[in-house]
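Structure data follow from start_10.cif (mmCIF, C-alpha atoms and all ligand atoms):
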```
data_entry
loop_
_atom_site.label_atom_id
_atom_site.label_comp_id
_atom_site.auth_asym_id
_atom_site.auth_seq_id
_atom_site.Cartn_x
_atom_site.Cartn_y
_atom_site.Cartn_z
CA MET Q 1 -38.60 35.25 42.34
CA SER Q 2 -37.44 37.39 39.41
CA GLU Q 3 -39.39 37.53 36.16
CA ASP Q 4 -36.69 35.47 34.43
CA ASP Q 5 -36.75 32.80 37.14
CA GLU Q 6 -40.52 32.63 36.93
CA ARG Q 7 -40.37 32.26 33.14
CA ALA Q 8 -37.75 29.49 33.50
CA ARG Q 9 -39.90 27.71 36.09
CA ARG Q 10 -42.97 27.81 33.83
CA ARG Q 11 -40.91 26.59 30.89
CA ALA Q 12 -39.49 23.67 32.91
CA GLU Q 13 -43.04 22.77 34.00
CA LEU Q 14 -44.24 22.72 30.38
CA ASP Q 15 -41.14 20.77 29.25
CA ALA Q 16 -41.76 18.12 31.90
CA LYS Q 17 -45.19 17.48 30.36
CA VAL Q 18 -43.73 16.67 26.92
CA PRO Q 19 -43.65 12.86 26.66
CA ILE Q 20 -40.28 11.13 26.58
CA VAL Q 21 -39.66 9.30 23.33
CA ASP Q 22 -37.09 6.52 23.02
CA LEU Q 23 -36.40 5.38 19.47
CA ARG Q 24 -33.10 3.66 20.30
CA ASN Q 25 -34.57 0.20 19.91
CA GLY Q 26 -31.78 -1.46 21.88
CA ALA Q 27 -28.95 0.76 20.57
CA LYS Q 28 -26.56 1.56 23.42
CA GLY Q 29 -23.10 2.87 24.18
CA ILE Q 30 -20.70 4.77 21.97
CA ALA Q 31 -18.46 3.50 19.20
CA THR Q 32 -15.53 5.21 17.50
CA TRP Q 33 -13.53 4.46 14.39
CA ALA Q 34 -9.86 4.25 15.38
CA GLN Q 35 -8.15 5.35 12.20
CA THR Q 36 -4.77 3.86 11.34
CA ILE Q 37 -2.04 5.07 8.99
CA GLY Q 38 -0.17 2.06 7.70
CA GLU Q 39 0.55 0.11 10.86
CA ASP Q 40 0.27 3.14 13.19
CA LEU Q 41 -2.72 4.68 14.94
CA HIS Q 42 -3.71 8.13 13.69
CA PRO Q 43 -3.40 10.64 16.59
CA ALA Q 44 -7.03 11.70 16.03
CA ALA Q 45 -8.14 8.13 16.86
CA LEU Q 46 -7.21 8.74 20.51
CA GLU Q 47 -8.64 12.27 20.52
CA ILE Q 48 -12.16 11.12 19.58
CA LEU Q 49 -11.88 8.17 21.94
CA GLY Q 50 -11.12 10.52 24.85
CA GLU Q 51 -14.13 12.65 24.00
CA ALA Q 52 -16.34 9.54 23.67
CA ARG Q 53 -15.24 8.51 27.16
CA ARG Q 54 -16.08 11.97 28.52
CA ILE Q 55 -19.61 12.13 27.11
CA SER Q 56 -20.33 8.46 27.90
CA SER Q 57 -20.96 9.45 31.52
CA LYS Q 58 -24.11 11.23 30.30
CA ILE Q 59 -25.83 8.26 28.65
CA ASP Q 60 -27.43 5.14 30.14
CA ASP Q 61 -24.96 2.56 28.83
CA GLN Q 62 -21.47 3.95 29.20
CA THR Q 63 -19.63 1.32 27.14
CA VAL Q 64 -17.17 2.81 24.68
CA THR Q 65 -16.11 0.56 21.80
CA SER Q 66 -13.36 1.29 19.27
CA ILE Q 67 -13.30 -0.27 15.84
CA VAL Q 68 -9.77 -0.66 14.49
CA ILE Q 69 -8.98 -1.92 11.02
CA GLY Q 70 -5.69 -2.66 9.30
CA LYS Q 71 -2.71 -4.92 8.97
CA ASN Q 72 -1.84 -6.32 12.43
CA ALA Q 73 -4.61 -4.10 13.83
CA GLU Q 74 -4.74 -6.18 17.03
CA LYS Q 75 -1.53 -4.51 18.20
CA HIS Q 76 -3.50 -1.29 18.84
CA ALA Q 77 -6.00 -2.89 21.23
CA ASP Q 78 -4.00 -2.19 24.42
CA THR Q 79 -3.37 1.44 23.44
CA LEU Q 80 -7.07 1.96 22.75
CA ILE Q 81 -8.07 0.36 26.05
CA SER Q 82 -5.55 2.43 28.02
CA HIS Q 83 -6.95 5.57 26.34
CA GLY Q 84 -10.56 4.88 27.26
CA ALA Q 85 -12.04 1.99 25.23
CA ASP Q 86 -13.97 -0.73 27.08
CA LYS Q 87 -14.12 -2.95 24.01
CA VAL Q 88 -12.05 -3.07 20.85
CA TYR Q 89 -13.37 -4.62 17.64
CA VAL Q 90 -10.29 -5.67 15.71
CA ILE Q 91 -10.51 -6.26 11.97
CA SER Q 92 -7.04 -7.43 11.04
CA ASP Q 93 -6.25 -8.19 7.42
CA ASP Q 94 -3.06 -7.60 5.41
CA ARG Q 95 -5.17 -6.30 2.53
CA LEU Q 96 -6.44 -3.50 4.79
CA GLU Q 97 -3.03 -1.98 5.50
CA TYR Q 98 -4.01 1.13 3.55
CA TYR Q 99 -7.41 2.71 3.38
CA ARG Q 100 -9.80 1.66 0.65
CA ASP Q 101 -13.37 2.90 0.58
CA LEU Q 102 -15.22 -0.30 -0.22
CA PRO Q 103 -13.71 -2.86 2.20
CA TYR Q 104 -13.41 -0.27 4.98
CA ALA Q 105 -17.05 0.77 4.57
CA ARG Q 106 -18.09 -2.91 4.60
CA ALA Q 107 -16.02 -3.63 7.70
CA VAL Q 108 -17.12 -0.62 9.74
CA THR Q 109 -20.80 -0.97 8.75
CA GLU Q 110 -20.88 -4.63 9.76
CA ALA Q 111 -19.10 -3.91 13.03
CA ILE Q 112 -21.56 -1.11 13.81
CA LYS Q 113 -24.49 -3.45 13.12
CA GLU Q 114 -23.11 -5.94 15.63
CA ILE Q 115 -22.12 -3.36 18.27
CA ASN Q 116 -25.39 -1.42 17.81
CA PRO Q 117 -24.18 1.83 19.43
CA GLU Q 118 -26.43 4.80 20.03
CA ILE Q 119 -23.59 7.15 19.07
CA MET Q 120 -20.90 6.64 16.41
CA ILE Q 121 -17.90 8.99 16.05
CA TYR Q 122 -15.45 9.15 13.15
CA THR Q 123 -12.40 11.35 12.57
CA ALA Q 124 -12.99 14.21 10.09
CA THR Q 125 -9.70 13.49 8.33
CA ALA Q 126 -9.69 13.10 4.55
CA LEU Q 127 -10.27 9.35 5.02
CA GLY Q 128 -12.89 9.77 7.74
CA ARG Q 129 -14.77 12.17 5.50
CA SER Q 130 -14.84 9.51 2.83
CA LEU Q 131 -15.70 6.60 5.13
CA ALA Q 132 -18.34 8.12 7.42
CA PRO Q 133 -20.93 9.09 4.75
CA ARG Q 134 -20.57 5.68 3.12
CA CYS Q 135 -21.31 3.95 6.44
CA ALA Q 136 -24.14 6.36 7.29
CA SER Q 137 -25.76 5.80 3.92
CA ARG Q 138 -25.47 2.00 4.22
CA LEU Q 139 -27.05 2.19 7.68
CA HIS Q 140 -29.70 4.75 6.59
CA VAL Q 141 -28.77 7.17 9.37
CA GLY Q 142 -27.89 10.86 9.47
CA LEU Q 143 -24.37 12.25 9.83
CA SER Q 144 -23.08 15.61 11.08
CA ALA Q 145 -19.74 16.49 9.56
CA ASP Q 146 -16.78 18.35 11.02
CA CYS Q 147 -17.90 18.81 14.62
CA THR Q 148 -15.72 20.74 17.08
CA GLN Q 149 -17.72 20.03 20.27
CA LEU Q 150 -19.78 17.03 21.36
CA ASP Q 151 -22.22 16.65 24.19
CA VAL Q 152 -25.28 14.78 25.34
CA GLY Q 153 -28.34 16.62 26.57
CA GLN Q 154 -32.09 17.02 26.47
CA TYR Q 155 -33.80 17.89 23.19
CA ILE Q 156 -37.46 18.84 23.16
CA SER Q 157 -39.48 19.13 19.99
CA ARG Q 158 -42.62 21.05 20.90
CA LYS Q 159 -43.87 20.69 17.35
CA GLN Q 160 -43.67 16.90 17.45
CA ASN Q 161 -44.40 16.76 21.18
CA GLN Q 162 -41.32 14.62 21.78
CA ARG Q 163 -38.68 14.75 24.50
CA PHE Q 164 -35.28 13.06 24.16
CA PRO Q 165 -33.47 13.26 27.53
CA THR Q 166 -30.08 12.12 26.16
CA ALA Q 167 -29.85 13.32 22.56
CA PHE Q 168 -26.36 13.48 21.00
CA LEU Q 169 -25.51 17.18 20.55
CA MET Q 170 -23.20 17.58 17.56
CA ILE Q 171 -21.78 21.09 17.55
CA ARG Q 172 -19.91 22.71 14.67
CA PRO Q 173 -19.07 26.14 13.31
CA SER Q 174 -21.44 27.33 10.59
CA PHE Q 175 -22.35 30.49 8.67
CA GLY Q 176 -18.75 30.99 7.55
CA GLU Q 177 -17.50 29.81 10.96
CA SER Q 178 -19.12 32.80 12.67
CA LYS Q 179 -21.74 30.82 14.66
CA LEU Q 180 -21.88 27.48 16.42
CA ALA Q 181 -24.72 25.20 15.30
CA THR Q 182 -25.97 22.30 17.42
CA ILE Q 183 -27.21 19.46 15.24
CA ILE Q 184 -29.34 16.67 16.65
CA GLY Q 185 -30.80 13.52 15.11
CA PRO Q 186 -32.29 11.23 17.73
CA TRP Q 187 -34.65 9.69 15.21
CA THR Q 188 -32.16 7.23 13.66
CA TYR Q 189 -29.33 5.23 15.31
CA PRO Q 190 -26.43 5.43 15.65
CA GLN Q 191 -26.46 9.22 15.82
CA SER Q 192 -23.26 9.82 13.88
CA ALA Q 193 -20.67 12.56 13.63
CA THR Q 194 -17.22 13.23 12.26
CA VAL Q 195 -14.90 15.29 14.48
CA ARG Q 196 -12.11 17.57 13.31
CA PRO Q 197 -8.62 16.38 14.19
CA GLY Q 198 -6.73 18.47 16.72
CA VAL Q 199 -9.83 19.67 18.56
CA PHE Q 200 -9.89 17.26 21.51
CA ARG Q 201 -7.08 16.02 23.70
CA PRO Q 202 -6.59 12.26 24.21
CA LEU Q 203 -6.88 10.97 27.76
CA GLU Q 204 -3.70 10.28 29.68
CA PRO Q 205 -3.06 6.54 29.16
CA ASP Q 206 -4.02 4.33 32.09
CA THR Q 207 -2.29 0.98 31.62
CA THR Q 208 -4.28 -0.57 34.47
CA ARG Q 209 -7.56 -0.26 32.51
CA LYS Q 210 -9.05 -3.59 31.42
CA GLY Q 211 -11.02 -4.13 28.24
CA GLU Q 212 -12.39 -6.77 25.94
CA VAL Q 213 -10.85 -7.49 22.54
CA ILE Q 214 -13.14 -8.94 19.87
CA LEU Q 215 -11.64 -10.28 16.64
CA PHE Q 216 -14.23 -9.48 14.02
CA THR Q 217 -14.42 -10.87 10.49
CA PRO Q 218 -16.66 -8.99 8.05
CA ASN Q 219 -18.33 -10.79 5.17
CA PHE Q 220 -16.30 -9.24 2.36
CA THR Q 221 -17.44 -9.86 -1.20
CA ASP Q 222 -15.44 -9.73 -4.46
CA GLU Q 223 -17.05 -6.34 -5.11
CA ASP Q 224 -15.23 -4.93 -2.07
CA TRP Q 225 -11.82 -5.61 -3.62
CA LYS Q 226 -12.40 -3.97 -6.97
CA THR Q 227 -9.80 -1.27 -6.31
CA GLU Q 228 -6.12 -1.87 -5.79
CA VAL Q 229 -3.54 0.22 -3.92
CA LEU Q 230 -0.46 0.56 -6.16
CA SER Q 231 1.58 2.72 -3.81
CA PHE Q 232 1.11 4.89 -0.76
CA GLU Q 233 2.87 8.17 -0.10
CA ASN Q 234 2.34 9.98 3.16
CA GLU Q 235 2.62 13.70 2.41
CA ALA Q 236 2.21 14.55 6.10
CA ASP Q 237 5.48 12.75 6.92
CA ARG Q 238 7.39 14.99 4.55
CA LEU Q 239 5.90 18.18 5.93
CA GLU Q 240 8.17 19.75 8.54
CA LEU Q 241 6.34 22.91 9.57
CA ASP Q 242 8.02 22.86 12.97
CA LYS Q 243 11.51 22.83 11.43
CA ALA Q 244 10.99 25.35 8.63
CA ASP Q 245 12.80 28.71 8.73
CA ILE Q 246 10.23 30.16 6.36
CA ILE Q 247 6.52 29.41 6.17
CA ILE Q 248 4.52 30.73 3.25
CA SER Q 249 0.93 30.48 4.38
CA GLY Q 250 -2.21 30.92 2.29
CA GLY Q 251 -5.76 31.79 3.27
CA LYS Q 252 -9.20 31.42 1.80
CA GLY Q 253 -8.76 34.76 0.03
CA ILE Q 254 -6.37 33.36 -2.58
CA GLY Q 255 -8.42 30.39 -3.77
CA LYS Q 256 -7.09 27.18 -5.30
CA ASP Q 257 -5.07 29.00 -7.98
CA GLY Q 258 -3.36 31.04 -5.29
CA PHE Q 259 -2.18 27.85 -3.58
CA VAL Q 260 -0.68 26.64 -6.87
CA MET Q 261 1.24 29.94 -7.01
CA LEU Q 262 2.37 29.66 -3.37
CA GLN Q 263 3.58 26.09 -4.01
CA GLU Q 264 5.68 27.42 -6.89
CA LEU Q 265 7.19 30.01 -4.55
CA VAL Q 266 7.89 27.35 -1.91
CA ASP Q 267 9.56 25.09 -4.51
CA ALA Q 268 11.74 27.98 -5.73
CA ILE Q 269 12.84 28.91 -2.18
CA ARG Q 270 13.61 25.26 -1.43
CA GLU Q 271 15.57 25.00 -4.68
CA ASN Q 272 17.80 27.78 -3.29
CA GLY Q 273 18.56 25.61 -0.26
CA GLN Q 274 16.36 27.34 2.34
CA LYS Q 275 14.08 25.39 4.72
CA VAL Q 276 10.55 26.34 3.75
CA GLU Q 277 7.05 24.85 4.05
CA LEU Q 278 3.56 25.72 2.88
CA GLY Q 279 1.06 26.59 5.62
CA SER Q 280 -2.59 27.57 5.55
CA SER Q 281 -5.55 28.90 7.48
CA ARG Q 282 -8.40 26.64 8.45
CA ALA Q 283 -10.82 28.35 6.07
CA ALA Q 284 -8.51 27.33 3.20
CA VAL Q 285 -8.50 23.73 4.49
CA ASN Q 286 -12.27 23.73 4.80
CA ALA Q 287 -12.60 25.08 1.28
CA GLY Q 288 -10.57 22.09 0.08
CA TYR Q 289 -7.59 24.11 -1.20
CA ILE Q 290 -5.09 22.17 0.91
CA SER Q 291 -4.99 19.28 3.40
CA HIS Q 292 -5.40 19.70 7.16
CA ASP Q 293 -1.80 18.86 8.03
CA HIS Q 294 -0.80 22.28 6.63
CA GLN Q 295 -3.18 24.14 8.95
CA ILE Q 296 -1.70 26.63 11.40
CA GLY Q 297 -3.60 27.76 14.48
CA GLN Q 298 -5.62 26.69 17.47
CA THR Q 299 -6.81 23.47 15.86
CA GLY Q 300 -3.78 23.08 13.61
CA LYS Q 301 -0.07 23.41 14.28
CA THR Q 302 1.78 26.00 16.33
CA VAL Q 303 4.85 27.27 14.52
CA HIS Q 304 7.79 29.59 15.26
CA PRO Q 305 9.63 30.17 11.96
CA LYS Q 306 12.10 32.96 11.36
CA LEU Q 307 9.76 34.32 8.69
CA TYR Q 308 6.00 33.82 8.31
CA VAL Q 309 4.38 35.16 5.16
CA ALA Q 310 0.57 35.34 5.47
CA VAL Q 311 -1.04 35.64 2.05
CA GLY Q 312 -4.80 36.35 1.91
CA ILE Q 313 -5.29 35.48 5.60
CA SER Q 314 -7.57 37.78 7.60
CA GLY Q 315 -5.89 37.11 10.97
CA ALA Q 316 -8.63 35.48 13.08
CA ILE Q 317 -7.57 34.93 16.69
CA GLN Q 318 -7.55 31.15 16.19
CA HIS Q 319 -5.01 31.58 13.38
CA LEU Q 320 -2.85 34.07 15.29
CA MET Q 321 -2.62 31.61 18.18
CA GLY Q 322 -0.56 29.30 15.96
CA MET Q 323 1.86 31.78 14.38
CA GLN Q 324 2.18 34.93 16.42
CA SER Q 325 5.50 33.91 17.94
CA SER Q 326 7.12 33.82 14.46
CA ARG Q 327 10.18 36.06 14.49
CA LYS Q 328 9.12 38.21 11.53
CA VAL Q 329 5.71 38.34 9.88
CA ILE Q 330 4.91 39.70 6.44
CA ALA Q 331 1.20 40.04 5.58
CA ILE Q 332 -0.20 40.46 2.08
CA ASN Q 333 -3.86 41.35 2.01
CA THR Q 334 -6.19 43.50 -0.09
CA ASP Q 335 -7.99 44.74 3.02
CA PRO Q 336 -5.99 47.45 4.85
CA ASN Q 337 -8.06 46.80 7.99
CA ALA Q 338 -7.36 43.04 8.09
CA ARG Q 339 -6.41 41.97 11.61
CA ILE Q 340 -3.32 40.13 10.39
CA PHE Q 341 -1.62 43.54 9.96
CA SER Q 342 -1.77 44.01 13.75
CA VAL Q 343 0.82 41.19 14.19
CA ALA Q 344 2.81 41.91 11.00
CA ASP Q 345 6.25 43.50 10.91
CA TYR Q 346 5.73 44.36 7.24
CA GLY Q 347 2.37 44.75 5.52
CA ILE Q 348 1.58 44.84 1.82
CA VAL Q 349 -1.93 46.02 0.97
CA ASP Q 350 -2.35 44.54 -2.47
CA ASP Q 351 -3.71 41.61 -4.45
CA TYR Q 352 -1.43 38.59 -3.97
CA LYS Q 353 -1.37 38.23 -7.78
CA ASN Q 354 0.63 41.47 -7.96
CA VAL Q 355 3.10 40.42 -5.26
CA ILE Q 356 3.82 36.68 -5.50
CA PRO Q 357 4.80 36.32 -9.22
CA PRO Q 358 7.59 38.96 -9.06
CA LEU Q 359 8.78 37.34 -5.80
CA ILE Q 360 8.93 33.93 -7.52
CA GLU Q 361 11.00 35.48 -10.33
CA LYS Q 362 13.33 37.11 -7.79
CA VAL Q 363 13.84 33.84 -5.90
CA LYS Q 364 14.39 31.95 -9.16
CA SER Q 365 17.11 34.44 -10.06
CA GLY Q 366 18.95 33.52 -6.85
CA PHE Q 367 17.47 35.78 -4.12
CA LYS Q 368 17.68 34.27 -0.62
CA PHE Q 369 15.92 35.50 2.50
CA ASN Q 370 18.48 36.86 4.94
CA PHE Q 371 17.94 36.10 8.60
CA GLU Q 372 20.80 38.09 10.04
CA ASN Q 373 19.48 40.30 12.84
CA VAL Q 374 16.16 38.39 12.83
C1 LIG R 1 -13.02 26.38 17.41
C2 LIG R 1 -12.37 27.05 16.22
C3 LIG R 1 -11.06 26.71 15.92
C4 LIG R 1 -10.42 27.31 14.83
N1 LIG R 1 -9.12 26.97 14.54
C5 LIG R 1 -8.49 27.60 13.53
C6 LIG R 1 -7.12 27.29 13.22
O1 LIG R 1 -6.47 26.43 13.82
N2 LIG R 1 -6.54 27.98 12.22
C7 LIG R 1 -7.19 28.92 11.47
O2 LIG R 1 -6.59 29.50 10.56
N3 LIG R 1 -8.48 29.19 11.73
C8 LIG R 1 -9.15 28.56 12.72
N4 LIG R 1 -10.47 28.83 12.93
C9 LIG R 1 -11.19 29.62 11.94
C10 LIG R 1 -10.97 31.11 12.10
O3 LIG R 1 -11.91 31.62 13.01
C11 LIG R 1 -11.17 31.83 10.74
O4 LIG R 1 -12.43 31.50 10.21
C12 LIG R 1 -10.10 31.46 9.69
O5 LIG R 1 -8.80 31.60 10.24
C13 LIG R 1 -10.23 32.41 8.50
O6 LIG R 1 -9.36 31.98 7.48
P1 LIG R 1 -8.88 32.99 6.36
O7 LIG R 1 -8.19 34.15 7.00
O8 LIG R 1 -8.14 32.19 5.36
O9 LIG R 1 -10.25 33.41 5.65
P2 LIG R 1 -11.06 34.79 5.67
O10 LIG R 1 -11.34 35.20 7.06
O11 LIG R 1 -12.20 34.57 4.76
O12 LIG R 1 -10.05 35.85 5.06
C14 LIG R 1 -9.64 35.88 3.73
C15 LIG R 1 -8.73 37.10 3.58
O13 LIG R 1 -8.22 37.13 2.25
C16 LIG R 1 -8.14 38.48 1.85
N5 LIG R 1 -8.13 38.47 0.38
C17 LIG R 1 -9.15 38.20 -0.46
N6 LIG R 1 -8.72 38.24 -1.74
C18 LIG R 1 -7.40 38.55 -1.69
C19 LIG R 1 -6.41 38.70 -2.69
N7 LIG R 1 -6.68 38.57 -3.99
N8 LIG R 1 -5.13 39.02 -2.32
C20 LIG R 1 -4.82 39.16 -1.01
N9 LIG R 1 -5.74 39.03 0.01
C21 LIG R 1 -7.00 38.71 -0.36
C22 LIG R 1 -9.38 39.12 2.46
O14 LIG R 1 -9.22 40.52 2.57
C23 LIG R 1 -9.44 38.42 3.81
O15 LIG R 1 -8.76 39.17 4.79
C24 LIG R 1 -11.11 28.26 14.03
C25 LIG R 1 -12.43 28.58 14.35
C26 LIG R 1 -13.04 27.99 15.42
C27 LIG R 1 -14.46 28.37 15.75
#
```
Now, as a test, write the supplied structure out as structure tokens.
Ligand SMILES: Cc1cc2nc3c(=O)[nH]c(=O)nc-3n(C[C@H](O)[C@H](O)[C@H](O)COP(=O)(O)OP(=O)(O)OC[C@H]3O[C@@H](n4cnc5c(N)ncnc54)[C@H](O)[C@@H]3O)c2cc1C
Amino acid sequence: MSEDDERARRRAELDAKVPIVDLRNGAKGIATWAQTIGEDLHPAALEILGEARRISSKIDDQTVTSIVIGKNAEKHADTLISHGADKVYVISDDRLEYYRDLPYARAVTEAIKEINPEIMIYTATALGRSLAPRCASRLHVGLSADCTQLDVGQYISRKQNQRFPTAFLMIRPSFGESKLATIIGPWTYPQSATVRPGVFRPLEPDTTRKGEVILFTPNFTDEDWKTEVLSFENEADRLELDKADIIISGGKGIGKDGFVMLQELVDAIRENGQKVELGSSRAAVNAGYISHDHQIGQTGKTVHPKLYVAVGISGAIQHLMGMQSSRKVIAINTDPNARIFSVADYGIVDDYKNVIPPLIEKVKSGFKFNFENV
């Protein structure tokens, strides 16, 4: 036996002596929040459901329950069951057609209390990021935000002399996305996480799957209806990254002000009758400069415009995966060694503040990008 094998054997022997602790107190199975947009299911609802189904095989009770809220929410039950749910808690109410923090938090919290899952998964969309901490705080449990991998496995705390054979492993990029951190919290239940949209694939639908549908009525109070939705505009619907001839894409390097400038450029190009959209890197989305539906790359959209202008984007492999088949790429970056230049047809090593304003002026005076020979 090699030295490494011997060390592993001794470690396993010591681990086996650490007493198993079970603080679940009856909590079992996995629940997910199935986000809706108006009367439709959000695509991420099925992504997290598929992942819940996959990891459920690693815990004692493998029941997966989806909580769906909205106007006519019952119509989603079959879709959720065919994509992996065993049970669907339906909270159907015309007043819940569009997301509102207070009634949604009330509804999901009460459903979780009744379901009593050991794991709870939310989408890390703008709405999920608002809902999940509210529910976690009402339930006095922890929450790991923005996970990109989920698993179930053993966690041993030598310090506390505790062994959890099936802890929820919530994995997410950290330290400026350069490392993956595994977060655990098997001391309060449900162990809760939000998961980035676009990371997991939904299961292929199986229409022969059977499930249970539970119509659930939360105890709303007047306090829950303090806010009113006056109108709802879905920006994502208007965004046509896949159809744009030109994508002007911003990175973390340009900050919030830079995105205001890029939007002005996009508006000016559009004014001239060219098909253009605003894209972004994930670091810019994470920094809150722009919403996720603009993200290009491995966990965002894949695009093939005639012209891709990368402004203040370093060119991480995950970003290149989404844009490298653009016909022409122009990169603007202060760092001459930035990786984005390796896929660029034209590179400008400069501060975007020196490049974008004169370009806006040029476009406003009638300049159009010419795609002949592109
Ligand atoms: C599982 C996983 C999936 C991922 N999926 C994606 C994805 O889909 N899409 C994606 O983009 N990323 C994705 N990432 C993240 C990716 O690894 C990078 O962290 C991210 O792309 C970096 O974004 P950025 O280039 O905007 O930021 P940074 O890497 O911080 O780069 C900023 C750049 O701006 C430049 N700069 C600074 N100031 C200026 C200025 N004034 N003018 C001009 N340039 C300036 C800097 O020189 C630098 O090159 C993923 C990561 C993981 C782990």
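The interatomic distance for the pair atom CA of Q:Leu307 and atom N8 of ligand LIG 1 (chain R) works out to 19.1 Å.
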For this session: For ligand LIG 1 (chain R), list the contacting residues at 7 Å or closer, counting only C-alpha atoms and all ligand atoms, as a PyMOL selection string.
Result: chain Q and resi 148+173+176-177+250-254+280-284+295-300+311-319+322+332-335+338+350-353
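Note that atom CA of Q:Ile269 and atom CA of Q:Val349 are 22.8 Å apart.
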If you take all atoms listed in the file and a cut-off of 9 Å, which residues of stretch 78-127 of chain Q touch stretch 201-205 of chain Q, and what are their nearest atom pairs and distances in Å to one decimal, in chain and number order, as a tab-separated table?
```
residue	atom	partner	partner_atom	distance
Q:Thr79	CA	Q:Pro205	CA	7.7
Q:Leu80	CA	Q:Pro205	CA	8.8
Q:Ile81	CA	Q:Pro205	CA	8.5
Q:Ser82	CA	Q:Pro205	CA	4.9
Q:His83	CA	Q:Pro205	CA	4.9
Q:Gly84	CA	Q:Leu203	CA	7.1
```
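Atom CA of Q:Arg138 sits 28.9 Å away from atom CA of Q:Tyr289.
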For this session: For the point (-20.4, 23.1, 10.7) in the file's frame, write as a PyMOL selection string all residues with an atom no more than 9 Å away, counting all atoms listed in the file.
Result: chain Q and resi 144-148+171-177+179-183
Exercise. Near Q:Pro218, counting all atoms listed in the file, which residues have an atom at most 10 Å away, once you skip same-chain residues fewer than 2 positions from it, shown as number ranges by chain?
Worked result: Q: 91, 103-104, 106-111, 216, 220-221
